[in-house]
>>> print(open('coords_37.txt').read())   # compact mmCIF, C-alpha atoms and all ligand atoms
# COMPACT_ATOMS: atom_id res chain seq x y z
CA MET U 1 16.58 20.39 -19.98
CA SER U 2 14.56 17.82 -18.02
CA LEU U 3 10.90 18.45 -17.35
CA LYS U 4 10.18 19.23 -13.70
CA VAL U 5 7.67 16.97 -11.96
CA ALA U 6 6.15 17.59 -8.52
CA VAL U 7 4.80 14.42 -6.87
CA ILE U 8 2.31 15.34 -4.14
CA GLY U 9 2.20 12.75 -1.35
CA ALA U 10 5.10 10.53 -0.27
CA GLY U 11 3.52 7.20 0.61
CA ILE U 12 4.57 4.08 -1.26
CA VAL U 13 2.62 5.16 -4.36
CA GLY U 14 4.22 8.61 -4.50
CA CYS U 15 7.71 7.30 -3.77
CA LEU U 16 7.65 4.57 -6.43
CA THR U 17 6.16 7.07 -8.90
CA ALA U 18 8.90 9.60 -8.08
CA ILE U 19 11.65 6.97 -8.46
CA LYS U 20 10.27 5.75 -11.80
CA LEU U 21 10.10 9.31 -13.16
CA GLN U 22 13.52 10.36 -11.84
CA GLU U 23 15.14 7.23 -13.27
CA SER U 24 13.44 7.98 -16.61
CA GLY U 25 15.04 11.41 -16.86
CA TYR U 26 12.53 13.78 -15.23
CA ASP U 27 13.64 16.22 -12.54
CA VAL U 28 11.47 15.18 -9.59
CA THR U 29 10.48 16.84 -6.34
CA ILE U 30 8.38 14.83 -3.87
CA ILE U 31 6.31 16.72 -1.33
CA ASP U 32 4.57 15.53 1.82
CA LYS U 33 2.52 17.28 4.47
CA ASN U 34 4.28 15.15 7.11
CA GLU U 35 7.28 12.86 6.88
CA ILE U 36 7.90 10.42 4.05
CA GLY U 37 5.94 7.17 4.31
CA LYS U 38 4.39 7.81 7.73
CA GLU U 39 0.70 7.45 6.81
CA SER U 40 -1.07 4.40 5.38
CA SER U 41 2.08 2.97 3.82
CA TRP U 42 3.83 2.80 7.19
CA ALA U 43 0.80 1.15 8.86
CA GLY U 44 0.33 -1.67 6.35
CA ALA U 45 0.99 -5.34 6.99
CA GLY U 46 3.09 -5.66 3.84
CA ILE U 47 1.44 -8.75 2.35
CA LEU U 48 2.26 -8.48 -1.36
CA PHE U 49 -0.85 -10.23 -2.60
CA PRO U 50 -4.58 -9.40 -2.52
CA LEU U 51 -6.59 -11.24 0.12
CA MET U 52 -9.24 -13.32 -1.65
CA PRO U 53 -8.31 -12.03 -5.14
CA TRP U 54 -11.09 -14.12 -6.68
CA GLU U 55 -13.63 -11.75 -5.11
CA TYR U 56 -12.44 -8.71 -7.12
CA GLU U 57 -12.54 -7.55 -10.73
CA PRO U 58 -9.54 -8.92 -12.73
CA ARG U 59 -8.07 -5.38 -12.82
CA VAL U 60 -7.14 -5.71 -9.11
CA PHE U 61 -4.97 -8.78 -9.67
CA GLU U 62 -3.55 -7.28 -12.87
CA LEU U 63 -2.14 -4.42 -10.75
CA CYS U 64 -0.85 -6.82 -8.08
CA ILE U 65 0.85 -9.53 -10.11
CA TYR U 66 4.10 -7.61 -10.65
CA ALA U 67 4.71 -6.95 -6.93
CA ALA U 68 6.57 -10.06 -5.76
CA ASN U 69 9.24 -9.90 -8.46
CA PHE U 70 9.57 -6.15 -8.21
CA TYR U 71 10.12 -6.09 -4.43
CA LYS U 72 12.48 -9.06 -4.53
CA ASN U 73 14.86 -7.09 -6.77
CA PHE U 74 14.12 -3.65 -5.33
CA SER U 75 14.64 -4.68 -1.69
CA SER U 76 18.03 -6.16 -2.52
CA LYS U 77 18.97 -2.96 -4.41
CA LEU U 78 17.81 -0.91 -1.40
CA PHE U 79 19.90 -3.07 0.94
CA LYS U 80 23.04 -2.62 -1.16
CA ILE U 81 22.63 1.16 -1.30
CA THR U 82 21.17 1.98 2.15
CA GLY U 83 22.15 -0.99 4.34
CA ILE U 84 18.49 -1.29 5.45
CA ASP U 85 16.84 -4.70 5.15
CA SER U 86 13.20 -4.22 4.06
CA GLU U 87 12.60 -7.87 5.02
CA PHE U 88 11.23 -9.22 1.78
CA ILE U 89 10.20 -12.81 2.61
CA GLU U 90 8.75 -15.53 0.41
CA SER U 91 6.47 -16.58 3.22
CA SER U 92 3.51 -18.20 1.38
CA LEU U 93 -0.12 -17.75 2.43
CA LEU U 94 -2.46 -20.30 3.93
CA CYS U 95 -6.07 -19.45 3.20
CA ILE U 96 -8.13 -21.24 5.84
CA ASP U 97 -11.64 -22.49 5.18
CA PRO U 98 -12.66 -20.12 2.37
CA SER U 99 -16.29 -20.47 1.47
CA ASP U 100 -16.29 -21.09 -2.26
CA LYS U 101 -13.88 -23.80 -3.41
CA LYS U 102 -15.10 -23.84 -7.02
CA THR U 103 -14.49 -20.12 -7.52
CA ILE U 104 -10.97 -20.43 -6.09
CA LEU U 105 -10.14 -23.39 -8.31
CA ASN U 106 -11.35 -21.52 -11.41
CA TRP U 107 -9.56 -18.33 -10.47
CA ALA U 108 -6.25 -20.11 -9.81
CA LYS U 109 -6.52 -22.00 -13.09
CA ASN U 110 -7.29 -18.85 -15.08
CA ASN U 111 -4.35 -17.04 -13.50
CA ASN U 112 -1.88 -19.94 -13.76
CA LEU U 113 -1.36 -19.91 -10.04
CA ASN U 114 -0.33 -23.04 -8.17
CA PHE U 115 -1.74 -23.88 -4.80
CA ASN U 116 -1.95 -26.96 -2.60
CA GLU U 117 -5.00 -28.22 -0.79
CA CYS U 118 -4.37 -29.05 2.86
CA SER U 119 -5.96 -28.89 6.29
CA PHE U 120 -5.41 -26.45 9.17
CA LEU U 121 -7.17 -26.89 12.54
CA ASN U 122 -9.12 -29.64 10.73
CA LEU U 123 -10.47 -27.08 8.27
CA PRO U 124 -10.05 -27.31 4.48
CA SER U 125 -7.33 -24.86 3.46
CA TYR U 126 -5.34 -23.70 0.44
CA LEU U 127 -1.64 -22.94 0.46
CA PHE U 128 -0.41 -20.32 -2.03
CA PRO U 129 3.38 -20.78 -2.07
CA LYS U 130 4.19 -17.70 -4.18
CA VAL U 131 2.84 -15.13 -1.72
CA THR U 132 5.47 -12.76 -0.28
CA GLN U 133 5.67 -10.02 2.35
CA ILE U 134 7.75 -6.95 3.18
CA ARG U 135 8.13 -4.80 6.34
CA PRO U 136 6.66 -1.37 5.47
CA PRO U 137 8.34 0.91 8.09
CA ARG U 138 11.77 -0.41 7.06
CA LEU U 139 10.91 -0.30 3.38
CA MET U 140 9.83 3.36 3.61
CA LYS U 141 12.95 4.30 5.58
CA ALA U 142 15.17 2.69 2.94
CA ILE U 143 13.19 4.32 0.12
CA LYS U 144 13.73 7.78 1.60
CA LEU U 145 17.52 7.27 1.62
CA PHE U 146 17.39 5.82 -1.89
CA MET U 147 15.42 8.81 -3.20
CA GLN U 148 18.05 11.15 -1.74
CA GLU U 149 20.78 9.03 -3.32
CA ILE U 150 19.31 9.27 -6.84
CA GLY U 151 18.81 13.04 -6.58
CA ILE U 152 15.07 13.38 -5.92
CA ASN U 153 14.36 16.66 -4.19
CA ILE U 154 12.46 15.90 -0.95
CA ARG U 155 10.12 18.41 0.72
CA GLU U 156 8.63 17.18 4.00
CA ASN U 157 6.19 19.09 6.24
CA THR U 158 4.84 20.95 3.21
CA SER U 159 1.10 20.77 2.64
CA LEU U 160 -0.50 21.69 -0.66
CA ILE U 161 -3.99 23.17 -0.82
CA LYS U 162 -6.93 22.56 -3.14
CA LEU U 163 -6.71 24.30 -6.52
CA LYS U 164 -9.44 26.82 -7.15
CA LYS U 165 -9.44 27.23 -10.94
CA GLU U 166 -10.06 24.51 -13.49
CA GLY U 167 -9.46 23.98 -17.18
CA TYR U 168 -5.91 25.12 -17.63
CA LYS U 169 -2.24 24.26 -17.44
CA ILE U 170 -0.92 25.23 -14.05
CA GLU U 171 2.61 26.48 -13.43
CA SER U 172 2.65 26.35 -9.66
CA TRP U 173 0.68 24.87 -6.78
CA PRO U 174 0.18 26.84 -3.53
CA THR U 175 1.06 25.46 -0.11
CA THR U 176 -0.69 26.26 3.16
CA GLU U 177 2.23 28.62 3.87
CA ASN U 178 1.56 30.60 0.68
CA GLU U 179 4.61 29.23 -1.09
CA GLN U 180 4.25 28.29 -4.78
CA ILE U 181 5.59 24.86 -5.82
CA LYS U 182 6.62 25.24 -9.47
CA ALA U 183 6.70 22.34 -11.95
CA ASP U 184 5.85 21.37 -15.54
CA ILE U 185 3.86 18.33 -14.42
CA PHE U 186 2.07 17.53 -11.13
CA VAL U 187 1.20 14.02 -9.95
CA ILE U 188 -1.24 13.61 -7.08
CA THR U 189 -0.37 10.59 -4.94
CA SER U 190 -2.01 11.80 -1.75
CA GLY U 191 -3.81 8.58 -0.86
CA ALA U 192 -6.92 9.08 1.29
CA TRP U 193 -6.44 12.87 1.14
CA THR U 194 -6.66 13.11 -2.66
CA SER U 195 -10.21 14.49 -2.59
CA ASN U 196 -8.87 17.44 -0.57
CA LEU U 197 -6.64 18.44 -3.50
CA VAL U 198 -8.65 18.16 -6.72
CA ILE U 199 -11.56 15.80 -6.49
CA ASP U 200 -14.76 17.21 -5.04
CA HIS U 201 -16.79 14.03 -4.71
CA GLU U 202 -15.67 12.46 -1.46
CA ASP U 203 -17.24 9.19 -2.48
CA ILE U 204 -14.53 8.63 -5.13
CA ILE U 205 -11.64 8.22 -2.66
CA TYR U 206 -12.58 8.01 1.00
CA PRO U 207 -10.74 7.21 4.25
CA VAL U 208 -11.01 3.69 5.68
CA ARG U 209 -9.32 3.06 9.01
CA GLY U 210 -7.42 -0.17 9.64
CA GLN U 211 -6.16 -1.21 13.09
CA MET U 212 -3.35 -3.72 13.62
CA ILE U 213 -1.63 -5.31 16.61
CA GLN U 214 1.90 -6.62 17.12
CA TYR U 215 3.12 -9.23 19.59
CA LYS U 216 6.65 -9.61 20.95
CA LYS U 217 8.61 -12.61 19.71
CA ILE U 218 7.53 -15.87 21.40
CA GLU U 219 8.56 -19.48 20.83
CA VAL U 220 6.48 -19.86 17.68
CA ASN U 221 7.80 -20.31 14.19
CA MET U 222 5.07 -19.46 11.70
CA LYS U 223 5.62 -21.23 8.40
CA HIS U 224 3.06 -19.19 6.45
CA ILE U 225 0.96 -16.05 6.57
CA LEU U 226 -2.38 -17.28 7.94
CA TYR U 227 -5.61 -15.87 6.53
CA SER U 228 -9.14 -16.62 7.64
CA ASP U 229 -12.40 -14.70 7.42
CA ASP U 230 -10.90 -11.29 6.55
CA PHE U 231 -8.25 -11.62 9.26
CA TYR U 232 -4.53 -12.40 8.91
CA ILE U 233 -1.45 -13.13 11.02
CA LEU U 234 2.16 -12.98 9.90
CA GLN U 235 5.61 -13.15 11.38
CA ARG U 236 8.60 -10.89 10.67
CA LYS U 237 12.24 -11.96 10.41
CA ASP U 238 12.94 -11.04 14.05
CA GLY U 239 10.03 -13.18 15.28
CA VAL U 240 7.46 -10.47 16.11
CA ILE U 241 3.92 -11.37 15.04
CA LEU U 242 1.40 -8.98 13.49
CA ALA U 243 -2.35 -9.45 13.21
CA GLY U 244 -5.01 -7.39 11.49
CA SER U 245 -6.85 -5.61 10.37
CA THR U 246 -10.12 -3.77 10.93
CA VAL U 247 -12.08 -2.03 8.16
CA GLU U 248 -13.78 1.06 9.65
CA TYR U 249 -15.55 4.06 8.15
CA VAL U 250 -14.69 6.72 10.75
CA GLY U 251 -13.19 9.47 8.62
CA PHE U 252 -9.59 10.52 9.26
CA ASP U 253 -9.60 9.39 12.92
CA LYS U 254 -6.38 7.41 13.57
CA ASN U 255 -7.18 6.47 17.17
CA THR U 256 -7.16 2.83 18.24
CA ASP U 257 -9.81 1.32 20.51
CA ALA U 258 -10.32 -1.51 22.99
CA THR U 259 -13.10 -3.14 20.96
CA ALA U 260 -10.81 -3.67 17.98
CA LEU U 261 -7.97 -4.79 20.27
CA ASN U 262 -10.15 -7.46 21.91
CA GLU U 263 -11.53 -8.65 18.58
CA LEU U 264 -8.07 -8.94 17.00
CA MET U 265 -6.68 -10.72 20.10
CA LYS U 266 -9.61 -13.16 20.06
CA LYS U 267 -9.11 -14.04 16.39
CA THR U 268 -5.35 -14.35 16.94
CA SER U 269 -5.75 -16.84 19.78
CA ILE U 270 -7.85 -19.11 17.55
CA LEU U 271 -5.23 -19.32 14.80
CA VAL U 272 -2.13 -19.17 17.06
CA PRO U 273 -3.23 -20.55 20.49
CA GLU U 274 0.26 -19.86 21.93
CA LEU U 275 -0.65 -16.14 21.85
CA LYS U 276 -3.80 -16.55 23.97
CA GLY U 277 -3.78 -14.14 26.93
CA ILE U 278 -0.65 -12.30 25.77
CA ILE U 279 -1.06 -8.53 25.50
CA PRO U 280 0.29 -7.11 22.22
CA GLU U 281 3.28 -4.76 22.53
CA ASN U 282 1.93 -2.42 19.82
CA HIS U 283 -1.45 -1.35 18.46
CA TRP U 284 -1.83 1.20 15.67
CA ALA U 285 -4.15 2.46 12.95
CA GLY U 286 -3.68 3.74 9.42
CA ILE U 287 -6.00 5.46 6.95
CA ARG U 288 -6.43 3.55 3.70
CA PRO U 289 -7.43 5.38 0.52
CA GLY U 290 -10.73 3.57 -0.08
CA THR U 291 -12.16 3.13 -3.58
CA LYS U 292 -15.03 1.18 -5.08
CA GLY U 293 -13.93 -2.35 -5.97
CA ASN U 294 -10.41 -1.55 -4.72
CA ILE U 295 -9.56 -0.10 -8.13
CA PRO U 296 -7.26 2.94 -7.97
CA ILE U 297 -7.54 6.07 -10.11
CA ILE U 298 -4.59 6.23 -12.50
CA LYS U 299 -5.25 8.96 -15.05
CA LYS U 300 -4.77 12.54 -16.19
CA ALA U 301 -6.98 14.82 -14.09
CA GLU U 302 -10.10 16.04 -15.82
CA ASN U 303 -10.05 19.76 -16.63
CA TYR U 304 -6.28 20.17 -16.25
CA GLU U 305 -3.59 19.82 -18.87
CA ASN U 306 -0.69 18.84 -16.66
CA ILE U 307 -2.08 17.17 -13.52
CA PHE U 308 -2.12 13.39 -13.13
CA ILE U 309 -3.68 11.25 -10.42
CA ASN U 310 -2.30 8.00 -9.00
CA SER U 311 -4.39 7.41 -5.87
CA GLY U 312 -6.99 5.19 -4.24
CA HIS U 313 -5.15 1.89 -3.85
CA TYR U 314 -7.28 1.01 -0.82
CA ARG U 315 -6.27 -2.34 0.73
CA TYR U 316 -3.41 -3.23 -1.64
CA GLY U 317 -1.38 -0.09 -2.20
CA LEU U 318 1.94 -1.66 -1.25
CA THR U 319 1.23 -4.46 -3.69
CA MET U 320 -0.12 -2.29 -6.51
CA ALA U 321 2.32 0.63 -6.27
CA PRO U 322 5.04 -0.78 -8.60
CA MET U 323 2.63 -1.47 -11.48
CA SER U 324 0.67 1.69 -10.91
CA ALA U 325 3.91 3.75 -11.03
CA GLU U 326 4.63 2.15 -14.43
CA GLU U 327 1.14 3.00 -15.68
CA ILE U 328 1.19 6.66 -14.60
CA TYR U 329 4.70 7.03 -16.08
CA LYS U 330 3.40 5.83 -19.47
CA LEU U 331 0.52 8.32 -19.36
CA ILE U 332 2.90 11.18 -18.51
CA LEU U 333 5.32 10.13 -21.25
CA GLU U 334 2.54 10.04 -23.85
CA SER U 335 1.43 13.55 -22.94
CA SER U 336 4.83 15.27 -22.60
C1 LIG U 401 -3.80 -1.65 8.71
C2 LIG U 401 -3.44 -1.65 7.25
C3 LIG U 401 -2.95 -2.81 6.67
C4 LIG U 401 -2.60 -2.83 5.32
N1 LIG U 401 -2.03 -3.96 4.80
C5 LIG U 401 -1.63 -3.97 3.50
C6 LIG U 401 -0.98 -5.11 2.96
O1 LIG U 401 -0.72 -6.08 3.67
N2 LIG U 401 -0.64 -5.08 1.65
C7 LIG U 401 -0.87 -4.01 0.84
O2 LIG U 401 -0.55 -4.04 -0.34
N3 LIG U 401 -1.48 -2.90 1.35
C8 LIG U 401 -1.86 -2.87 2.64
N4 LIG U 401 -2.51 -1.77 3.16
C9 LIG U 401 -2.90 -0.69 2.26
C10 LIG U 401 -1.74 0.19 1.91
O3 LIG U 401 -1.05 0.53 3.08
C11 LIG U 401 -2.27 1.44 1.19
O4 LIG U 401 -3.05 1.09 0.08
C12 LIG U 401 -1.09 2.28 0.70
O5 LIG U 401 -0.24 2.59 1.76
C13 LIG U 401 -1.55 3.54 0.01
O6 LIG U 401 -0.40 4.24 -0.34
P1 LIG U 401 -0.46 5.76 -0.71
O7 LIG U 401 0.93 6.17 -1.03
O8 LIG U 401 -1.51 5.98 -1.73
O9 LIG U 401 -1.01 6.47 0.61
P2 LIG U 401 -0.26 7.02 1.92
O10 LIG U 401 0.79 6.09 2.38
O11 LIG U 401 -1.32 7.38 2.89
O12 LIG U 401 0.48 8.32 1.38
C14 LIG U 401 -0.21 9.48 1.02
C15 LIG U 401 0.69 10.62 1.44
O13 LIG U 401 0.14 11.86 0.95
C16 LIG U 401 0.43 12.86 1.90
N5 LIG U 401 -0.48 13.99 1.69
C17 LIG U 401 -1.83 13.97 1.81
N6 LIG U 401 -2.35 15.19 1.54
C18 LIG U 401 -1.31 15.99 1.24
C19 LIG U 401 -1.21 17.37 0.90
N7 LIG U 401 -2.28 18.15 0.83
N8 LIG U 401 0.03 17.90 0.65
C20 LIG U 401 1.15 17.10 0.75
N9 LIG U 401 1.09 15.78 1.09
C21 LIG U 401 -0.10 15.23 1.32
C22 LIG U 401 0.22 12.14 3.25
O14 LIG U 401 0.87 12.81 4.31
C23 LIG U 401 0.76 10.76 2.95
O15 LIG U 401 2.11 10.61 3.39
C24 LIG U 401 -2.81 -1.69 4.52
C25 LIG U 401 -3.29 -0.52 5.10
C26 LIG U 401 -3.59 -0.49 6.46
C27 LIG U 401 -4.08 0.79 7.07
>>> encode(input="coords_37.txt", output="structure tokens")
Amino acid sequence: MSLKVAVIGAGIVGCLTAIKLQESGYDVTIIDKNEIGKESSWAGAGILFPLMPWEYEPRVFELCIYAANFYKNFSSKLFKITGIDSEFIESSLLCIDPSDKKTILNWAKNNNLNFNECSFLNLPSYLFPKVTQIRPPRLMKAIKLFMQEIGINIRENTSLIKLKKEGYKIESWPTTENEQIKADIFVITSGAWTSNLVIDHEDIIYPVRGQMIQYKKIEVNMKHILYSDDFYILQRKDGVILAGSTVEYVGFDKNTDATALNELMKKTSILVPELKGIIPENHWAGIRPGTKGNIPIIKKAENYENIFINSGHYRYGLTMAPMSAEEIYKLILESS
């Protein structure tokens, strides 16, 4: 009989973990306190590449490098099965006026990555042709249908609580409604909320708010994702344009504010002057699972025999989720 796995948290990390385990022969249930994919994963821009990867430890890029190929194949599989287009686009990224040319050159050489030097608004710029993007709300919608299709048991609106005891193999995990979720193995993929489940030190994974804006389609055809000074703009297949994002330490507050709106609009109008004075049609915020150095926790939980953690993907969870699902699967396989 297959081992039962409960995956706690249905963002992109939990969903790709659940799919990997189900397709490898485990009997998977995925649980979320809300609806599937409606937290950070829904809010993301969907750029499948780290911004300024040369500024991070090599581990960050190691977790990201698999994303473009994975989503290219996965989005076409999702389309065939669900009819939903997740809008995977090979859109390339133009990095405008980065400060340290030598570091970028070295990094690109070490990682065998091609780029072209060019100029944008008379500023020295670097074009990375291999950078891709996906549309998170559509991706998450398609993933939910796909999970149903392959027999994953989905439990929405079910919130698990923090475990009290340590140092043992658990057979069930209590919900806020006093129900017991039974499984042989538990995987925590609860993003920014992970510390509420097993980790006591809030400084390990902490909430970081990001605000984004979206403009209606106008007569602009953006050839690349534009990136400058920790700010980016990208266009979807239907022509809408997104810009973001803020990095704010305000706890789990998902409100948006006028200061961020004005700042994002100002930066947008510099890179795409056609958008100057236009009021965005949408403005939202998501809570990223922040971690030091943007390095997620992918490991067996200390003090428990059958709990694993796959959380803390901070700014690049959509990009890192495929590789991190592979890594947690290998750890589970080795221990079961
Ligand atoms: C504005 C913004 C832009 C971004 N842009 C990009 C980008 O371009 N590229 C990129 O790669 N990444 C991007 N990110 C980051 C990316 O979205 C996150 O790293 C990623 O979504 C994290 O995925 P996750 O599954 O760990 O978390 P989440 O999507 O937050 O999922 C965690 C889930 O756990 C559930 N949960 C929590 N506690 C419990 C509980 N007690 N019981 C049951 N369920 C629980 C939550 O309801 C939630 O659905 C962006 C993020 C933001 C906010």
>>> atom_distance(input="coords_37.txt", atom1="CA of Ile84 (chain U)", atom2="CA of Leu145 (chain U)")
9.4 Å
>>> atom_distance(input="coords_37.txt", atom1="CA of Leu197 (chain U)", atom2="atom O14 of ligand LIG 401 (chain U)")
12.2 Å
>>> closest_residue(input="coords_37.txt", among="U:Glu248, U:Glu219, U:Asp257, U:Asp85", to="ligand LIG 401 (chain U)", atoms="all atoms listed in the file")
U:Glu248
>>> residues_near_ligand(input="coords_37.txt", ligand="ligand LIG 401 (chain U)", cutoff="7 Å", atoms="all atoms listed in the file", output="number ranges by chain")
U: 8-14, 31-49, 158-161, 189-194, 196-197, 209-212, 244-245, 285-289, 311-320
>>> write_last_selection(input="coords_37.txt", atoms="C-alpha atoms", output="PDB file, in the coordinates of the input")
ATOM      1  CA  ILE U   8       2.310  15.340  -4.140  1.00  0.00           C
ATOM      2  CA  GLY U   9       2.200  12.750  -1.350  1.00  0.00           C
ATOM      3  CA  ALA U  10       5.100  10.530  -0.270  1.00  0.00           C
ATOM      4  CA  GLY U  11       3.520   7.200   0.610  1.00  0.00           C
ATOM      5  CA  ILE U  12       4.570   4.080  -1.260  1.00  0.00           C
ATOM      6  CA  VAL U  13       2.620   5.160  -4.360  1.00  0.00           C
ATOM      7  CA  GLY U  14       4.220   8.610  -4.500  1.00  0.00           C
ATOM      8  CA  ILE U  31       6.310  16.720  -1.330  1.00  0.00           C
ATOM      9  CA  ASP U  32       4.570  15.530   1.820  1.00  0.00           C
ATOM     10  CA  LYS U  33       2.520  17.280   4.470  1.00  0.00           C
ATOM     11  CA  ASN U  34       4.280  15.150   7.110  1.00  0.00           C
ATOM     12  CA  GLU U  35       7.280  12.860   6.880  1.00  0.00           C
ATOM     13  CA  ILE U  36       7.900  10.420   4.050  1.00  0.00           C
ATOM     14  CA  GLY U  37       5.940   7.170   4.310  1.00  0.00           C
ATOM     15  CA  LYS U  38       4.390   7.810   7.730  1.00  0.00           C
ATOM     16  CA  GLU U  39       0.700   7.450   6.810  1.00  0.00           C
ATOM     17  CA  SER U  40      -1.070   4.400   5.380  1.00  0.00           C
ATOM     18  CA  SER U  41       2.080   2.970   3.820  1.00  0.00           C
ATOM     19  CA  TRP U  42       3.830   2.800   7.190  1.00  0.00           C
ATOM     20  CA  ALA U  43       0.800   1.150   8.860  1.00  0.00           C
ATOM     21  CA  GLY U  44       0.330  -1.670   6.350  1.00  0.00           C
ATOM     22  CA  ALA U  45       0.990  -5.340   6.990  1.00  0.00           C
ATOM     23  CA  GLY U  46       3.090  -5.660   3.840  1.00  0.00           C
ATOM     24  CA  ILE U  47       1.440  -8.750   2.350  1.00  0.00           C
ATOM     25  CA  LEU U  48       2.260  -8.480  -1.360  1.00  0.00           C
ATOM     26  CA  PHE U  49      -0.850 -10.230  -2.600  1.00  0.00           C
ATOM     27  CA  THR U 158       4.840  20.950   3.210  1.00  0.00           C
ATOM     28  CA  SER U 159       1.100  20.770   2.640  1.00  0.00           C
ATOM     29  CA  LEU U 160      -0.500  21.690  -0.660  1.00  0.00           C
ATOM     30  CA  ILE U 161      -3.990  23.170  -0.820  1.00  0.00           C
ATOM     31  CA  THR U 189      -0.370  10.590  -4.940  1.00  0.00           C
ATOM     32  CA  SER U 190      -2.010  11.800  -1.750  1.00  0.00           C
ATOM     33  CA  GLY U 191      -3.810   8.580  -0.860  1.00  0.00           C
ATOM     34  CA  ALA U 192      -6.920   9.080   1.290  1.00  0.00           C
ATOM     35  CA  TRP U 193      -6.440  12.870   1.140  1.00  0.00           C
ATOM     36  CA  THR U 194      -6.660  13.110  -2.660  1.00  0.00           C
ATOM     37  CA  ASN U 196      -8.870  17.440  -0.570  1.00  0.00           C
ATOM     38  CA  LEU U 197      -6.640  18.440  -3.500  1.00  0.00           C
ATOM     39  CA  ARG U 209      -9.320   3.060   9.010  1.00  0.00           C
ATOM     40  CA  GLY U 210      -7.420  -0.170   9.640  1.00  0.00           C
ATOM     41  CA  GLN U 211      -6.160  -1.210  13.090  1.00  0.00           C
ATOM     42  CA  MET U 212      -3.350  -3.720  13.620  1.00  0.00           C
ATOM     43  CA  GLY U 244      -5.010  -7.390  11.490  1.00  0.00           C
ATOM     44  CA  SER U 245      -6.850  -5.610  10.370  1.00  0.00           C
ATOM     45  CA  ALA U 285      -4.150   2.460  12.950  1.00  0.00           C
ATOM     46  CA  GLY U 286      -3.680   3.740   9.420  1.00  0.00           C
ATOM     47  CA  ILE U 287      -6.000   5.460   6.950  1.00  0.00           C
ATOM     48  CA  ARG U 288      -6.430   3.550   3.700  1.00  0.00           C
ATOM     49  CA  PRO U 289      -7.430   5.380   0.520  1.00  0.00           C
ATOM     50  CA  SER U 311      -4.390   7.410  -5.870  1.00  0.00           C
ATOM     51  CA  GLY U 312      -6.990   5.190  -4.240  1.00  0.00           C
ATOM     52  CA  HIS U 313      -5.150   1.890  -3.850  1.00  0.00           C
ATOM     53  CA  TYR U 314      -7.280   1.010  -0.820  1.00  0.00           C
ATOM     54  CA  ARG U 315      -6.270  -2.340   0.730  1.00  0.00           C
ATOM     55  CA  TYR U 316      -3.410  -3.230  -1.640  1.00  0.00           C
ATOM     56  CA  GLY U 317      -1.380  -0.090  -2.200  1.00  0.00           C
ATOM     57  CA  LEU U 318       1.940  -1.660  -1.250  1.00  0.00           C
ATOM     58  CA  THR U 319       1.230  -4.460  -3.690  1.00  0.00           C
ATOM     59  CA  MET U 320      -0.120  -2.290  -6.510  1.00  0.00           C
TER      60      MET U 320
END
>>> atom_distance(input="coords_37.txt", atom1="CA of Glu179 (chain U)", atom2="CA of Asn303 (chain U)")
23.4 Å
>>> closest_residue(input="coords_37.txt", among="U:Tyr215, U:Tyr249, U:Phe115, U:Phe128", to="Leu261 (chain U)", atoms="all atoms listed in the file")
U:Tyr215
>>> closest_residue(input="coords_37.txt", among="U:Lys77, U:Lys267, U:Lys20, U:Lys182", to="Lys4 (chain U)", atoms="only C-alpha atoms")
U:Lys182
>>> residues_around(input="coords_37.txt", residues="Asp229 (chain U)", least_positions_apart="2", cutoff="9 Å", atoms="only C-alpha atoms", output="PyMOL selection string")
chain U and resi 95-98+227+231-232
>>> residues_near_point(input="coords_37.txt", point="(-0.8, 22.5, -15.3)", cutoff="7 Å", atoms="only C-alpha atoms", output="list in words")
Tyr168, Lys169, Ile170, Glu171, Asp184, Ile185, Tyr304, Glu305, Asn306 and Ile307 of chain U
>>> closest_residue(input="coords_37.txt", among="U:Val60, U:Leu331, U:Leu139, U:Leu163", to="Glu87 (chain U)", atoms="all atoms listed in the file")
U:Leu139
>>> closest_residue(input="coords_37.txt", among="U:Ile278, U:Ala183, U:Ile204, U:Ile154", to="Ile218 (chain U)", atoms="all atoms listed in the file")
U:Ile278
>>> closest_residue(input="coords_37.txt", among="U:Pro207, U:Glu156, U:Val187, U:Phe61", to="Gly251 (chain U)", atoms="all atoms listed in the file")
U:Pro207
>>> residues_around(input="coords_37.txt", residues="Val272 (chain U)", least_positions_apart="3", cutoff="10 Å", atoms="all atoms listed in the file", output="ChimeraX atom specification")
/U:220,222,226,233,267-269,275-276
>>> residues_near_point(input="coords_37.txt", point="(4.1, 21.2, -5.5)", cutoff="6 Å", atoms="only C-alpha atoms", output="number ranges by chain")
U: 6, 173, 181
>>> residues_around(input="coords_37.txt", residues="Ile152 (chain U)", least_positions_apart="4", cutoff="7 Å", atoms="only C-alpha atoms", output="PyMOL selection string")
chain U and resi 22+28-29+147-148
>>> decode(input="coords_37.txt", residues="region 239-250 of chain U", atoms="C-alpha atoms", output="compact mmCIF listing (two decimals), in the first residue's frame")
# COMPACT_ATOMS: atom_id res chain seq x y z
CA GLY U 239 -1.19 43.19 -23.38
CA VAL U 240 -1.71 44.13 -19.71
CA ILE U 241 1.43 45.48 -18.04
CA LEU U 242 2.57 44.69 -14.49
CA ALA U 243 5.10 46.59 -12.41
CA GLY U 244 6.60 45.86 -9.02
CA SER U 245 7.41 45.29 -6.41
CA THR U 246 7.91 46.70 -2.93
CA VAL U 247 9.86 44.93 -0.18
CA GLU U 248 8.23 45.77 3.18
CA TYR U 249 8.59 44.40 6.70
CA VAL U 250 5.05 44.94 8.01
